[in-house]
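> Structure file protein-v3.txt, compact mmCIF, C-alpha atoms and all ligand atoms, is pasted below:
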```txt
# COMPACT_ATOMS: atom_id res chain seq x y z
CA MET D 1461 116.20 105.70 93.95
CA THR D 1462 115.99 102.10 92.80
CA SER D 1463 112.77 100.79 94.38
CA ARG D 1464 109.56 102.83 94.69
CA PRO D 1465 109.79 104.71 98.00
CA SER D 1466 106.74 104.23 100.19
CA ASP D 1467 107.53 106.47 103.18
CA ILE D 1468 108.16 110.05 102.16
CA ILE D 1469 108.71 113.14 104.29
CA VAL D 1470 107.84 116.52 102.87
CA VAL D 1471 109.59 119.36 104.67
CA GLY D 1472 107.45 122.50 104.50
CA ALA D 1473 103.68 123.01 104.68
CA GLY D 1474 103.36 125.85 102.20
CA VAL D 1475 101.45 125.56 98.96
CA ILE D 1476 104.30 123.63 97.30
CA GLY D 1477 104.83 121.19 100.18
CA CYS D 1478 101.09 120.58 100.55
CA ALA D 1479 100.63 120.07 96.78
CA VAL D 1480 103.53 117.62 96.66
CA ALA D 1481 102.28 115.73 99.74
CA TYR D 1482 98.77 115.57 98.28
CA GLU D 1483 100.08 114.16 95.00
CA PHE D 1484 102.13 111.48 96.79
CA ALA D 1485 99.23 110.54 99.07
CA ARG D 1486 96.70 110.25 96.26
CA ARG D 1487 99.13 107.99 94.40
CA GLY D 1488 99.25 105.68 97.42
CA ALA D 1489 102.50 106.67 99.17
CA SER D 1490 102.70 107.11 102.93
CA VAL D 1491 103.51 110.79 103.58
CA GLU D 1492 104.36 113.02 106.50
CA ILE D 1493 104.48 116.80 106.14
CA VAL D 1494 106.73 118.49 108.69
CA ASP D 1495 106.76 122.19 109.52
CA ASP D 1496 107.36 124.30 112.60
CA ARG D 1497 104.63 126.76 111.61
CA PRO D 1498 100.99 126.29 110.69
CA VAL D 1499 100.04 125.47 107.09
CA GLY D 1500 100.66 128.19 104.49
CA MET D 1501 102.51 130.71 106.65
CA GLY D 1502 105.56 131.34 104.43
CA ALA D 1503 105.57 132.61 100.86
CA THR D 1504 101.91 131.58 100.52
CA GLN D 1505 101.11 134.66 102.64
CA ALA D 1506 102.72 136.93 100.02
CA SER D 1507 100.47 135.58 97.29
CA ALA D 1508 97.23 137.10 96.08
CA GLY D 1509 96.82 133.93 94.03
CA VAL D 1510 97.16 135.58 90.62
CA LEU D 1511 97.69 133.02 87.85
CA ALA D 1512 99.43 135.09 85.20
CA PRO D 1513 102.30 133.41 83.33
CA TYR D 1514 102.28 135.97 80.52
CA ILE D 1515 102.90 138.79 83.02
CA GLU D 1516 105.23 136.99 85.43
CA ALA D 1517 107.27 135.42 82.59
CA PRO D 1518 106.84 137.67 79.55
CA ALA D 1519 110.00 136.43 77.76
CA ALA D 1520 110.33 132.98 76.20
CA GLY D 1521 112.28 130.59 78.44
CA PRO D 1522 111.91 127.92 81.10
CA LEU D 1523 109.80 130.04 83.48
CA LEU D 1524 107.26 130.73 80.75
CA ASP D 1525 107.22 127.06 79.69
CA LEU D 1526 106.70 125.88 83.28
CA THR D 1527 104.08 128.46 84.29
CA GLU D 1528 102.12 128.05 81.04
CA ARG D 1529 102.07 124.26 81.46
CA SER D 1530 101.03 124.54 85.12
CA LEU D 1531 98.20 126.97 84.31
CA GLU D 1532 96.78 124.37 81.91
CA LEU D 1533 96.44 121.96 84.86
CA PHE D 1534 94.50 124.38 87.07
CA ASP D 1535 90.85 123.72 86.11
CA GLU D 1536 91.13 120.02 86.78
CA PHE D 1537 93.44 120.52 89.79
CA VAL D 1538 91.12 122.89 91.66
CA THR D 1539 88.03 120.78 90.90
CA ARG D 1540 89.72 117.61 92.14
CA VAL D 1541 91.25 119.16 95.27
CA SER D 1542 87.91 120.80 96.21
CA THR D 1543 86.05 117.54 95.74
CA GLU D 1544 88.56 115.42 97.62
CA SER D 1545 88.91 117.88 100.51
CA GLY D 1546 85.25 118.88 100.70
CA LEU D 1547 86.43 122.52 100.86
CA ALA D 1548 85.51 125.37 98.51
CA VAL D 1549 88.48 126.92 96.71
CA PRO D 1550 87.74 130.32 95.16
CA TYR D 1551 89.01 130.19 91.56
CA ARG D 1552 88.19 132.48 88.64
CA ARG D 1553 89.60 132.83 85.13
CA THR D 1554 88.56 136.44 84.58
CA GLY D 1555 91.68 137.41 82.64
CA THR D 1556 94.01 140.26 83.56
CA LEU D 1557 94.10 143.85 82.42
CA ASP D 1558 97.73 145.02 82.50
CA VAL D 1559 97.68 148.81 82.57
CA ALA D 1560 100.26 151.32 81.25
CA VAL D 1561 100.44 154.85 82.69
CA ASP D 1562 102.73 156.33 80.01
CA GLU D 1563 103.92 155.83 76.43
CA ALA D 1564 106.97 153.78 77.49
CA GLY D 1565 104.68 151.43 79.41
CA LEU D 1566 102.39 151.13 76.41
CA ARG D 1567 105.35 150.31 74.15
CA ALA D 1568 106.34 147.54 76.58
CA LEU D 1569 102.79 146.15 76.51
CA ARG D 1570 102.82 146.28 72.68
CA ALA D 1571 106.03 144.22 72.64
CA ILE D 1572 104.43 141.65 74.96
CA ALA D 1573 101.30 141.54 72.76
CA GLU D 1574 103.47 140.86 69.69
CA ALA D 1575 105.42 138.11 71.46
CA LEU D 1576 102.17 136.50 72.65
CA ALA D 1577 100.74 136.66 69.10
CA ARG D 1578 103.83 134.78 67.85
CA ARG D 1579 103.17 132.16 70.57
CA GLY D 1580 99.50 131.90 69.57
CA VAL D 1581 98.23 133.33 72.89
CA PRO D 1582 95.20 135.61 72.53
CA ALA D 1583 95.88 139.11 73.93
CA LEU D 1584 94.28 142.43 73.09
CA LEU D 1585 96.19 145.72 73.16
CA LEU D 1586 93.84 148.57 74.14
CA ASP D 1587 94.15 152.35 73.85
CA ALA D 1588 93.16 154.48 76.86
CA GLY D 1589 89.48 154.70 75.88
CA ALA D 1590 89.16 150.99 75.19
CA ALA D 1591 90.95 150.15 78.46
CA ARG D 1592 88.47 152.35 80.37
CA SER D 1593 85.56 150.61 78.63
CA GLU D 1594 86.97 147.32 79.89
CA GLU D 1595 87.46 148.70 83.41
CA PRO D 1596 85.42 151.85 84.08
CA HIS D 1597 87.24 152.48 87.39
CA LEU D 1598 90.55 153.21 85.62
CA GLY D 1599 91.83 156.76 86.18
CA ASP D 1600 92.45 159.49 83.57
CA GLY D 1601 96.21 158.99 83.62
CA ILE D 1602 96.00 155.63 81.86
CA ALA D 1603 97.78 155.32 78.49
CA GLY D 1604 96.33 151.91 77.57
CA GLY D 1605 96.23 148.28 78.58
CA LEU D 1606 96.73 144.68 77.59
CA LEU D 1607 93.92 142.21 78.11
CA ILE D 1608 94.96 138.56 78.55
CA ASP D 1609 91.94 136.29 78.86
CA ALA D 1610 93.74 133.10 79.91
CA HIS D 1611 94.79 134.51 83.28
CA GLY D 1612 92.92 134.21 86.54
CA PHE D 1613 93.27 133.87 90.30
CA VAL D 1614 92.81 131.34 93.07
CA GLY D 1615 92.49 131.70 96.84
CA ALA D 1616 96.05 130.80 97.88
CA SER D 1617 95.30 130.06 101.55
CA ASP D 1618 92.08 128.20 100.72
CA LEU D 1619 93.91 126.13 98.13
CA THR D 1620 96.70 125.29 100.59
CA ARG D 1621 94.20 124.27 103.29
CA ALA D 1622 92.27 122.16 100.77
CA LEU D 1623 95.49 120.47 99.63
CA VAL D 1624 96.50 119.49 103.16
CA THR D 1625 92.96 118.34 103.97
CA ALA D 1626 92.78 116.21 100.80
CA ALA D 1627 96.27 114.84 101.50
CA ARG D 1628 95.17 113.84 105.03
CA ARG D 1629 92.05 112.18 103.67
CA HIS D 1630 94.41 110.08 101.54
CA GLY D 1631 96.31 109.15 104.70
CA ALA D 1632 99.02 111.84 104.91
CA GLN D 1633 100.06 113.05 108.36
CA LEU D 1634 100.86 116.62 109.32
CA ILE D 1635 103.59 117.01 111.94
CA GLU D 1636 103.41 120.57 113.27
CA GLN D 1637 105.70 122.62 115.49
CA SER D 1638 108.76 120.65 114.38
CA ARG D 1639 111.64 122.46 112.73
CA VAL D 1640 113.81 120.29 110.51
CA ARG D 1641 117.52 120.81 111.27
CA ARG D 1642 119.35 118.14 109.28
CA ILE D 1643 118.76 115.57 106.53
CA THR D 1644 121.27 112.70 106.44
CA ASP D 1645 121.53 109.70 104.12
CA LEU D 1646 122.21 106.39 105.89
CA HIS D 1647 122.06 104.58 102.50
CA ASP D 1648 119.08 102.38 103.33
CA GLU D 1649 117.09 105.31 104.77
CA LEU D 1650 117.07 109.05 105.34
CA ILE D 1651 117.24 110.53 108.81
CA ILE D 1652 115.36 113.77 109.25
CA ASP D 1653 116.46 115.44 112.48
CA THR D 1654 114.02 117.94 113.93
CA ASP D 1655 114.13 119.96 117.13
CA ARG D 1656 111.63 117.44 118.56
CA GLY D 1657 113.36 114.23 117.57
CA SER D 1658 114.31 112.24 114.48
CA LEU D 1659 112.20 110.75 111.72
CA THR D 1660 113.15 108.19 109.08
CA ALA D 1661 112.00 107.98 105.48
CA ASP D 1662 112.73 106.30 102.16
CA ALA D 1663 112.77 109.69 100.47
CA ALA D 1664 112.25 113.35 101.30
CA VAL D 1665 111.23 116.52 99.52
CA LEU D 1666 112.59 119.83 100.71
CA ALA D 1667 109.89 122.45 100.18
CA ALA D 1668 110.70 124.82 103.03
CA GLY D 1669 110.94 127.93 100.83
CA SER D 1670 113.11 130.70 102.27
CA TRP D 1671 114.01 128.49 105.25
CA CYS D 1672 115.68 125.75 103.16
CA GLY D 1673 119.04 127.45 103.63
CA ASP D 1674 118.91 126.77 107.41
CA ILE D 1675 118.81 122.99 106.97
CA ASP D 1676 122.02 120.98 107.12
CA ILE D 1677 122.08 118.80 104.01
CA GLY D 1678 123.91 115.49 104.26
CA GLY D 1679 125.62 116.24 107.57
CA LEU D 1680 128.71 117.16 105.55
CA SER D 1681 131.32 119.69 106.48
CA PRO D 1682 130.96 122.17 104.95
CA SER D 1683 127.29 121.43 104.38
CA PRO D 1684 125.82 122.66 101.07
CA ARG D 1685 123.57 125.65 101.60
CA VAL D 1686 120.39 125.84 99.51
CA PRO D 1687 120.82 129.14 97.62
CA VAL D 1688 117.47 130.78 98.31
CA ARG D 1689 117.00 134.21 99.84
CA PRO D 1690 113.81 135.71 101.26
CA ILE D 1691 112.11 138.50 99.30
CA ARG D 1692 109.38 140.11 101.37
CA GLY D 1693 105.93 140.63 99.92
CA GLN D 1694 103.35 142.74 101.74
CA LEU D 1695 99.70 142.56 100.66
CA LEU D 1696 96.70 144.68 101.60
CA SER D 1697 93.07 143.75 101.91
CA ILE D 1698 90.58 146.54 101.21
CA ALA D 1699 86.77 146.57 101.16
CA TRP D 1700 85.74 147.86 97.74
CA ASN D 1701 82.78 150.27 97.40
CA GLY D 1702 80.27 150.15 94.57
CA THR D 1703 80.65 148.37 91.24
CA PRO D 1704 83.27 145.63 91.53
CA LEU D 1705 86.42 145.51 89.46
CA ARG D 1706 85.85 143.23 86.49
CA ARG D 1707 89.11 141.32 86.64
CA VAL D 1708 92.67 141.38 87.99
CA THR D 1709 94.05 144.86 87.27
CA TRP D 1710 97.82 144.95 87.00
CA GLY D 1711 99.96 148.08 87.16
CA HIS D 1712 103.71 148.64 87.16
CA ARG D 1713 103.78 149.00 90.98
CA CYS D 1714 100.87 146.85 92.17
CA TYR D 1715 98.07 144.53 91.18
CA LEU D 1716 94.48 144.32 92.44
CA VAL D 1717 92.44 141.14 92.74
CA PRO D 1718 88.65 141.37 93.17
CA TRP D 1719 87.03 138.66 95.31
CA ASP D 1720 83.37 137.71 95.25
CA ASP D 1721 82.94 138.87 98.87
CA GLY D 1722 83.66 142.49 97.85
CA THR D 1723 87.21 142.59 99.19
CA VAL D 1724 90.15 143.43 96.94
CA LEU D 1725 93.70 142.22 97.55
CA VAL D 1726 96.38 144.74 96.65
CA GLY D 1727 99.77 143.13 96.10
CA ALA D 1728 102.60 143.12 96.60
CA THR D 1729 105.84 144.73 97.67
CA VAL D 1730 109.12 143.16 96.53
CA GLU D 1731 111.66 143.85 99.28
CA ASP D 1732 115.03 142.47 100.20
CA ALA D 1733 114.56 142.69 103.98
CA GLY D 1734 116.08 139.42 105.17
CA PHE D 1735 113.84 137.38 107.44
CA ASP D 1736 111.97 140.45 108.72
CA GLU D 1737 108.30 139.45 108.47
CA ARG D 1738 106.77 142.73 109.58
CA THR D 1739 104.26 144.72 107.63
CA THR D 1740 105.55 148.29 107.42
CA VAL D 1741 104.17 151.82 107.07
CA ALA D 1742 106.26 152.25 103.90
CA GLY D 1743 104.92 149.03 102.37
CA VAL D 1744 101.30 149.88 103.11
CA ARG D 1745 101.69 153.47 101.86
CA ASP D 1746 103.46 152.44 98.64
CA LEU D 1747 100.78 149.90 97.79
CA LEU D 1748 97.94 152.33 98.53
CA ASP D 1749 99.60 155.03 96.38
CA ALA D 1750 100.17 152.56 93.56
CA ALA D 1751 96.58 151.28 93.70
CA CYS D 1752 95.10 154.79 93.73
CA GLU D 1753 97.31 155.87 90.82
CA ILE D 1754 95.61 153.43 88.45
CA LEU D 1755 92.24 153.11 90.22
CA PRO D 1756 91.46 156.40 92.03
CA HIS D 1757 88.23 154.89 93.38
CA ALA D 1758 90.42 152.84 95.73
CA TRP D 1759 90.60 155.99 97.95
CA THR D 1760 87.00 155.30 99.00
CA ALA D 1761 87.68 151.69 100.03
CA GLY D 1762 87.70 150.49 103.62
CA PHE D 1763 91.06 149.34 104.95
CA ARG D 1764 90.88 145.78 106.30
CA GLY D 1765 94.48 144.87 106.96
CA ALA D 1766 97.91 143.91 105.71
CA ARG D 1767 99.80 140.64 105.65
CA VAL D 1768 103.29 139.57 104.75
CA GLY D 1769 105.16 136.57 103.36
CA LEU D 1770 108.73 135.77 102.35
CA ARG D 1771 109.17 134.50 98.78
CA PRO D 1772 112.13 132.16 98.21
CA ALA D 1773 114.25 133.62 95.40
CA THR D 1774 117.21 132.05 93.63
CA SER D 1775 119.86 134.03 91.74
CA ASP D 1776 118.25 133.21 88.35
CA TYR D 1777 114.67 133.48 89.69
CA LEU D 1778 113.93 129.92 88.58
CA PRO D 1779 112.82 127.29 91.07
CA ILE D 1780 115.02 124.41 92.21
CA ILE D 1781 113.24 121.14 91.41
CA GLY D 1782 115.15 117.89 91.22
CA ALA D 1783 117.17 115.28 93.08
CA SER D 1784 120.05 116.38 95.28
CA ASN D 1785 123.46 115.34 93.99
CA VAL D 1786 124.69 115.09 97.61
CA VAL D 1787 121.78 113.14 99.13
CA PRO D 1788 120.19 111.27 96.21
CA LYS D 1789 117.04 110.26 98.14
CA LEU D 1790 116.34 113.95 98.72
CA MET D 1791 114.51 116.03 96.13
CA TYR D 1792 114.24 119.82 96.14
CA ALA D 1793 111.02 121.66 95.39
CA THR D 1794 111.82 125.21 96.39
CA GLY D 1795 112.83 128.65 95.11
CA HIS D 1796 109.51 129.29 93.37
CA TYR D 1797 109.84 133.01 94.17
CA ARG D 1798 106.67 134.78 92.87
CA ASN D 1799 105.16 131.68 91.29
CA GLY D 1800 104.63 129.05 93.98
CA VAL D 1801 100.85 129.01 93.71
CA LEU D 1802 100.89 129.01 89.91
CA LEU D 1803 103.55 126.28 89.76
CA ALA D 1804 102.07 124.08 92.53
CA PRO D 1805 100.15 121.57 90.35
CA LEU D 1806 103.00 121.06 87.90
CA THR D 1807 105.68 120.87 90.62
CA ALA D 1808 103.66 118.23 92.48
CA GLN D 1809 103.24 116.17 89.32
CA LEU D 1810 106.90 116.39 88.28
CA VAL D 1811 108.20 115.56 91.77
CA ALA D 1812 105.85 112.59 92.20
CA ASP D 1813 106.66 111.28 88.71
CA ALA D 1814 110.39 111.46 89.50
CA ILE D 1815 110.27 109.95 93.00
CA LEU D 1816 107.54 107.34 92.59
CA ASP D 1817 108.02 106.31 88.96
CA GLY D 1818 111.59 107.35 88.14
CA ARG D 1819 110.30 109.53 85.29
CA VAL D 1820 112.33 112.73 85.01
CA ASP D 1821 110.56 115.25 82.80
CA PRO D 1822 112.88 117.03 80.30
CA MET D 1823 111.60 120.35 81.68
CA LEU D 1824 113.43 119.65 84.93
CA ALA D 1825 116.82 120.16 83.24
CA ALA D 1826 116.47 123.95 83.46
CA VAL D 1827 115.58 123.92 87.16
CA SER D 1828 118.01 121.25 88.34
CA PRO D 1829 119.83 121.77 91.67
CA SER D 1830 123.07 120.89 89.87
CA ARG D 1831 123.20 124.38 88.35
CA PHE D 1832 124.29 125.47 91.83
CA GLY D 1833 127.07 122.85 92.11
CA ASP D 1834 127.01 120.38 95.00
CA LEU D 1835 123.51 120.58 96.36
N1 LIG D 1901 102.78 136.17 92.80
C1 LIG D 1901 102.98 137.55 92.87
C2 LIG D 1901 103.77 137.98 94.02
O1 LIG D 1901 104.48 137.20 94.63
O2 LIG D 1901 103.71 139.16 94.32
```
Could you render the structure as structure tokens?
Ligand code: GLY

Amino acid sequence: MTSRPSDIIVVGAGVIGCAVAYEFARRGASVEIVDDRPVGMGATQASAGVLAPYIEAPAAGPLLDLTERSLELFDEFVTRVSTESGLAVPYRRTGTLDVAVDEAGLRALRAIAEALARRGVPALLLDAGAARSEEPHLGDGIAGGLLIDAHGFVGASDLTRALVTAARRHGAQLIEQSRVRRITDLHDELIIDTDRGSLTADAAVLAAGSWCGDIDIGGLSPSPRVPVRPIRGQLLSIAWNGTPLRRVTWGHRCYLVPWDDGTVLVGATVEDAGFDERTTVAGVRDLLDAACEILPHAWTAGFRGARVGLRPATSDYLPIIGASNVVPKLMYATGHYRNGVLLAPLTAQLVADAILDGRVDPMLAAVSPSRFGDL
């Protein structure tokens, strides 16, 4: 991209697409967000909004570097998006208590604690008694826990709505009920073909999550296929009784997130079920069993409902962020798998820096589309 693009189309109105569109719009670009479904209906639905790099990416590597850097942006990001949208975004940095139910689990937590100490990240390894002092609802079967203060959670749907509202206040347009079929480069402009007609743009960002693979890139034959596959996540909402949980409680089969309104989100299944977006009896039962194993008091909760989302996974579980090597005016921002909400502020910043200012952050090398060949 030689000159600064002014008309940009963002394909996908999930948390990543909305964050990217917001960032472009607040930097003065003219932006349209295109999706065939309402805002935040894809992977965003699978997210309980937990912001936990040291659980999601316990080993050193690009995912830890990216998630840690994005978490650092969150305080300022949420404050700014709330102010500019006029919408409240629930956001708490309560820390997480990662719970082990046996000695092997405790050994794994000890290894994480040691790695975090080497990285200079405060974390406290607790025996069973100390873990129960931190969270009195923990059951007798607990072997110990790891307390990580830096972690927190954010309302994923509220954040996504606030992002699109703030983007629109900066002039962005939302084009709904339009499914993008093809993105073609005509050299001086991009043509974005949808099932309701064609749009033109100086640049585009593909942030359609699990659905990126359905879009014809470049009109080539064969057309490159974005290598993301859907991984289903089911989440439960329960109405907690009595004293609230103190923080996010994380087990080996589920995590629980306590909201100020007394509800608790129990997440999330990890299922290779194609594009099947149903909640299932098995998913609901597994999550309830897993929650009650670590927090037996969950048996007394009211059941409010279940929801489902499809996370876009790549073969190395890293996102794809960077310019296409087939259609250079097209940039990918997809494949965030379990970390779309956590990575939203950083992704938006990196994509806008690259497209608007030609600044390609060195961190993008590890998540480049070129690792998948012609893309
Ligand atoms: N972010 C956690 C999950 O996708 O379950």
> Could you pull out the residues sitting within 12 Å of ligand LIG 1901 (chain D), using all atoms listed in the file, and write them as number ranges by chain?
D: 1502-1513, 1515-1517, 1527, 1612-1616, 1690-1696, 1710, 1712-1717, 1725-1731, 1747, 1768-1773, 1777, 1795-1803
> Which value, in Å to one decimal, gives the distance between atom CA of Ser1775 of chain D and atom CA of Tyr1514 of chain D?
20.9 Å
> What are the closest atom pairs, with distances in Å to one decimal, for all residues of segment 1526-1556 of chain D lying within 10 Å of segment 1626-1633 of chain D? Consider all atoms listed in the file, order rows by chain and residue number, and present the result as CSV.

```
residue,atom,partner,partner_atom,distance
D:Arg1540,CA,D:Ala1626,CA,9.3
D:Val1541,CA,D:Ala1626,CA,6.5
D:Ser1542,CA,D:Ala1626,CA,8.1
D:Thr1543,CA,D:Ala1626,CA,8.5
D:Glu1544,CA,D:Ala1626,CA,5.3
D:Ser1545,CA,D:Ala1626,CA,4.2
D:Gly1546,CA,D:Ala1626,CA,8.0
D:Leu1547,CA,D:Ala1626,CA,9.0
```
> Out of D:Ile1698, D:Ala1560, D:Ala1610, D:Asn1785, which residue has the shortest atom-to-atom distance to Phe1763 of chain D when counting only C-alpha atoms?
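Smallest distance to Phe1763 of chain D is found for D:Ile1698.
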> Could you please determine the separation between atom CA of Ala1489 of chain D and atom CA of Ala1804 of chain D in Å, to one decimal place?
18.6 Å
> Let me make sure I understand: among D:Thr1660, D:Thr1644, D:Gln1809, D:Thr1709, which one has the smallest atom-to-atom distance to Glu1594 of chain D if we use all atoms listed in the file?
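Between D:Thr1660, D:Thr1644, D:Gln1809, D:Thr1709, the residue approaching Glu1594 of chain D most closely is D:Thr1709.
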